[in-house]
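Here's final_30.pdb, which has PDB, C-alpha atoms, pLDDT in the B column:
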ATOM      1  CA  MET X   1      21.711  63.929 123.914  1.00 48.00           C
ATOM      2  CA  PRO X   2      24.871  65.404 122.489  1.00 61.00           C
ATOM      3  CA  THR X   3      27.041  62.887 124.333  1.00 70.00           C
ATOM      4  CA  LYS X   4      25.573  60.010 122.339  1.00 73.00           C
ATOM      5  CA  ASP X   5      26.440  61.757 119.026  1.00 73.00           C
ATOM      6  CA  ILE X   6      29.980  62.474 120.187  1.00 73.00           C
ATOM      7  CA  ALA X   7      30.436  58.840 121.153  1.00 73.00           C
ATOM      8  CA  GLU X   8      29.204  57.689 117.747  1.00 76.00           C
ATOM      9  CA  TYR X   9      31.573  60.094 116.001  1.00 77.00           C
ATOM     10  CA  GLY X  10      34.472  58.912 118.185  1.00 79.00           C
ATOM     11  CA  LEU X  11      33.696  55.271 117.469  1.00 80.00           C
ATOM     12  CA  THR X  12      33.391  56.007 113.742  1.00 84.00           C
ATOM     13  CA  PHE X  13      36.705  57.851 113.810  1.00 84.00           C
ATOM     14  CA  PHE X  14      38.520  54.849 115.344  1.00 85.00           C
ATOM     15  CA  VAL X  15      36.868  52.397 112.959  1.00 87.00           C
ATOM     16  CA  VAL X  16      37.838  54.475 109.896  1.00 88.00           C
ATOM     17  CA  ALA X  17      41.384  54.939 111.262  1.00 89.00           C
ATOM     18  CA  GLY X  18      41.658  51.182 111.850  1.00 88.00           C
ATOM     19  CA  VAL X  19      40.479  50.361 108.335  1.00 89.00           C
ATOM     20  CA  LEU X  20      42.924  52.860 106.815  1.00 88.00           C
ATOM     21  CA  TRP X  21      45.788  51.468 108.925  1.00 89.00           C
ATOM     22  CA  TRP X  22      44.902  47.905 107.889  1.00 90.00           C
ATOM     23  CA  ALA X  23      44.718  48.902 104.203  1.00 90.00           C
ATOM     24  CA  ALA X  24      48.088  50.685 104.431  1.00 91.00           C
ATOM     25  CA  LYS X  25      49.719  47.613 106.004  1.00 91.00           C
ATOM     26  CA  ALA X  26      48.183  45.327 103.371  1.00 89.00           C
ATOM     27  CA  LEU X  27      49.429  47.530 100.513  1.00 89.00           C
ATOM     28  CA  GLU X  28      52.877  47.754 102.098  1.00 89.00           C
ATOM     29  CA  ALA X  29      53.052  43.974 102.464  1.00 86.00           C
ATOM     30  CA  ARG X  30      51.956  43.519  98.840  1.00 85.00           C
ATOM     31  CA  ARG X  31      54.559  46.043  97.653  1.00 84.00           C
ATOM     32  CA  ASN X  32      57.320  44.340  99.654  1.00 81.00           C
ATOM     33  CA  ALA X  33      56.256  40.923  98.408  1.00 74.00           C
ATOM     34  CA  SER X  34      56.235  42.026  94.773  1.00 68.00           C
ATOM     35  CA  SER X  35      59.650  43.664  95.051  1.00 66.00           C
ATOM     36  CA  ALA X  36      61.031  40.569  96.749  1.00 57.00           C
ATOM     37  CA  VAL X  37      59.631  38.270  94.062  1.00 50.00           C
ATOM     38  CA  GLN X  38      61.184  40.060  91.100  1.00 54.00           C
ATOM     39  CA  PRO X  39      64.873  39.535  91.972  1.00 53.00           C
ATOM     40  CA  THR X  40      64.314  35.937  92.976  1.00 58.00           C
ATOM     41  CA  SER X  41      62.346  35.241  89.815  1.00 68.00           C
ATOM     42  CA  LEU X  42      65.260  36.560  87.758  1.00 72.00           C
ATOM     43  CA  ASP X  43      67.832  34.433  89.599  1.00 83.00           C
ATOM     44  CA  PRO X  44      66.750  31.115  88.031  1.00 85.00           C
ATOM     45  CA  LEU X  45      66.634  32.748  84.611  1.00 86.00           C
ATOM     46  CA  LYS X  46      70.145  34.096  85.118  1.00 88.00           C
ATOM     47  CA  LEU X  47      71.301  30.649  86.208  1.00 89.00           C
ATOM     48  CA  VAL X  48      69.785  29.020  83.110  1.00 90.00           C
ATOM     49  CA  ILE X  49      71.452  31.575  80.835  1.00 91.00           C
ATOM     50  CA  GLU X  50      74.838  30.990  82.484  1.00 92.00           C
ATOM     51  CA  ASN X  51      74.456  27.205  82.206  1.00 92.00           C
ATOM     52  CA  ASN X  52      73.456  27.451  78.548  1.00 94.00           C
ATOM     53  CA  THR X  53      76.405  29.728  77.841  1.00 94.00           C
ATOM     54  CA  GLN X  54      78.801  27.231  79.422  1.00 94.00           C
ATOM     55  CA  ALA X  55      77.200  24.370  77.500  1.00 93.00           C
ATOM     56  CA  LEU X  56      77.525  26.254  74.207  1.00 93.00           C
ATOM     57  CA  CYS X  57      81.196  26.993  74.931  1.00 93.00           C
ATOM     58  CA  ARG X  58      81.849  23.300  75.592  1.00 94.00           C
ATOM     59  CA  LEU X  59      79.937  22.325  72.462  1.00 93.00           C
ATOM     60  CA  THR X  60      81.953  24.786  70.376  1.00 93.00           C
ATOM     61  CA  GLU X  61      85.190  23.335  71.748  1.00 93.00           C
ATOM     62  CA  ALA X  62      84.004  19.786  71.026  1.00 92.00           C
ATOM     63  CA  VAL X  63      83.038  20.664  67.454  1.00 91.00           C
ATOM     64  CA  SER X  64      86.396  22.344  66.930  1.00 91.00           C
ATOM     65  CA  ASP X  65      88.230  19.266  68.252  1.00 90.00           C
ATOM     66  CA  LEU X  66      86.111  17.030  66.064  1.00 89.00           C
ATOM     67  CA  LYS X  67      86.811  19.203  63.030  1.00 89.00           C
ATOM     68  CA  ASP X  68      90.538  19.020  63.769  1.00 88.00           C
ATOM     69  CA  ALA X  69      90.301  15.217  63.938  1.00 87.00           C
ATOM     70  CA  ILE X  70      88.135  14.808  60.823  1.00 89.00           C
ATOM     71  CA  LEU X  71      89.917  17.131  58.386  1.00 88.00           C
ATOM     72  CA  PRO X  72      93.157  15.082  58.175  1.00 88.00           C
ATOM     73  CA  GLN X  73      91.110  11.907  57.656  1.00 88.00           C
ATOM     74  CA  LEU X  74      89.178  13.588  54.852  1.00 88.00           C
ATOM     75  CA  ALA X  75      92.438  14.656  53.231  1.00 89.00           C
ATOM     76  CA  LYS X  76      93.719  11.070  53.392  1.00 90.00           C
ATOM     77  CA  GLN X  77      90.491   9.745  51.891  1.00 90.00           C
ATOM     78  CA  ASP X  78      90.678  12.348  49.142  1.00 91.00           C
ATOM     79  CA  VAL X  79      94.181  11.210  48.243  1.00 91.00           C
ATOM     80  CA  LYS X  80      93.081   7.550  48.258  1.00 92.00           C
ATOM     81  CA  LEU X  81      90.073   8.320  46.066  1.00 91.00           C
ATOM     82  CA  ASP X  82      92.241  10.224  43.623  1.00 92.00           C
ATOM     83  CA  LEU X  83      94.626   7.270  43.490  1.00 92.00           C
ATOM     84  CA  LEU X  84      91.784   4.808  42.906  1.00 91.00           C
ATOM     85  CA  LEU X  85      90.269   7.013  40.201  1.00 91.00           C
ATOM     86  CA  SER X  86      93.587   7.329  38.419  1.00 91.00           C
ATOM     87  CA  LYS X  87      94.097   3.541  38.554  1.00 90.00           C
ATOM     88  CA  ALA X  88      90.548   2.972  37.312  1.00 88.00           C
ATOM     89  CA  SER X  89      90.988   5.421  34.455  1.00 87.00           C
ATOM     90  CA  MET X  90      94.292   3.790  33.508  1.00 86.00           C
ATOM     91  CA  SER X  91      92.746   0.322  33.491  1.00 83.00           C
ATOM     92  CA  VAL X  92      89.822   1.470  31.362  1.00 79.00           C
ATOM     93  CA  GLY X  93      92.027   3.393  28.972  1.00 70.00           C
ATOM     94  CA  ALA X  94      94.740   0.704  28.701  1.00 58.00           C
ATOM     95  CA  PRO X  95      95.011  -1.073  25.335  1.00 59.00           C
ATOM     96  CA  GLY X  96      93.574  -4.575  25.225  1.00 55.00           C
ATOM     97  CA  ARG X  97      91.454  -4.050  28.313  1.00 52.00           C
ATOM     98  CA  GLU X  98      88.212  -2.814  26.775  1.00 53.00           C
ATOM     99  CA  GLY X  99      86.579  -6.231  26.641  1.00 52.00           C
ATOM    100  CA  GLU X 100      87.714  -7.331  30.080  1.00 52.00           C
ATOM    101  CA  SER X 101      85.821  -4.707  32.019  1.00 50.00           C
ATOM    102  CA  ARG X 102      82.453  -6.457  31.433  1.00 46.00           C
TER     103      ARG X 102
END
Hey, can you dump this file as structure tokens for me?
Amino acid sequence: MPTKDIAEYGLTFFVVAGVLWWAAKALEARRNASSAVQPTSLDPLKLVIENNTQALCRLTEAVSDLKDAILPQLAKQDVKLDLLLSKASMSVGAPGREGESR
């Protein structure tokens, strides 16, 4: 019965070839899927970084504008405080005014 053995070997050959073909296609699909996922997974990260960079630039501009608006006001307040301190020191140090302060 050599024909029966040849048939079994032929059938085994096609089954093994089919399994190898299926495994190769599965690995190829997995490889393509993993390579396709990496660039798309980096795109949202890149978008977040760009948005944060723009937000930080706007924040820096806003802080600079605020600093430019606050510094003159601080200078004016400093002058007013110096004037008030000089008036207060003159009123405390003026003759005849020691008893009036309390």
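Here CA of Ala26 in chain X and CA of Pro44 in chain X stand 28.0 Å from one another.
One distance worth recording is that between CA of Leu45 in chain X and CA of Glu61 in chain X, which is 24.5 Å.
Between CA of Ser64 in chain X and CA of Leu83 in chain X there is a distance of 29.1 Å.
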